[in-house]
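Notes follow the structure.
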Amino acid sequence: AEDVTERFDWAVSRAVNPGEIAHVLRRMAANLALLAGEAQPGVVADWAPVPLPWGKRRFLWVGVSRK
């Protein structure tokens with residue numbers, strides 16, 4: 001993802017740590033959706049972790065890029 005120079009409407013990924021990949025995805029896309037494990041409040045302040053019904057430690061992080 002770090003080598004991609006194009007801009008997209010959406011970036012979608014799974015099994016990632018939102019805090020570690022946020023800077024790359026914000027550069028790539030206007031809208032972001034990440035399927036991740038444990039919610040870590042404040043990791044990415046402007047994204048909202050949505051709890052998923054199939055696991056107590058599964059979240060969908062959704063946000064809009066500020067770039």
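By order of appearance in the structure tokens: chains A, B, ..., then residues from 1 within every chain, and ligands from 1 in the order shown.
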
Taking the backbone alone, and naming residues the way the document does, which bits of region 4-49 of chain A are helix (DSSP H, G or I) by DSSP, as JSON, numbers by chain? {"A": [18, 19, 20, 21, 22, 23, 24, 25, 26, 27, 28]}

Can you pull out the residues contacting Arg27 (chain A)? Cut-off 12 Å, using only C-alpha atoms, and skip same-chain residues under 4 positions away; I want them as an MDAnalysis selection string. chainID A and resid 1:11 21:23 31:32 64:67

With only C-alpha atoms as the atoms that count, which of A:Val50, A:Ala36, A:Arg57, A:Gly63 lies nearest to Pro18 (chain A)?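 For Pro18 (chain A), the nearest of the given residues is A:Ala36.
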
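You will find CA of Lys56 (chain A) at 21.8 Å from CA of Glu20 (chain A).
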
Using DSSP on the backbone coordinates, identify the residues of chain A assigned to strand (DSSP E); present them as JSON, numbers by chain. {"A": [8, 9, 10, 11, 12, 13, 14, 29, 30, 31, 32, 33, 34, 35, 36, 48, 49, 50, 51, 59, 60, 61, 62, 63, 64]}

What is the CA of Trp61 (chain A)-CA of Arg26 (chain A) distance in Å, reported with one decimal?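 It comes out at 13.2 Å.
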
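Using only C-alpha atoms for every distance, the candidate list A:Val16, A:Ala29, A:Val24, A:Leu35 yields A:Leu35 as the residue closest to Val62 (chain A).
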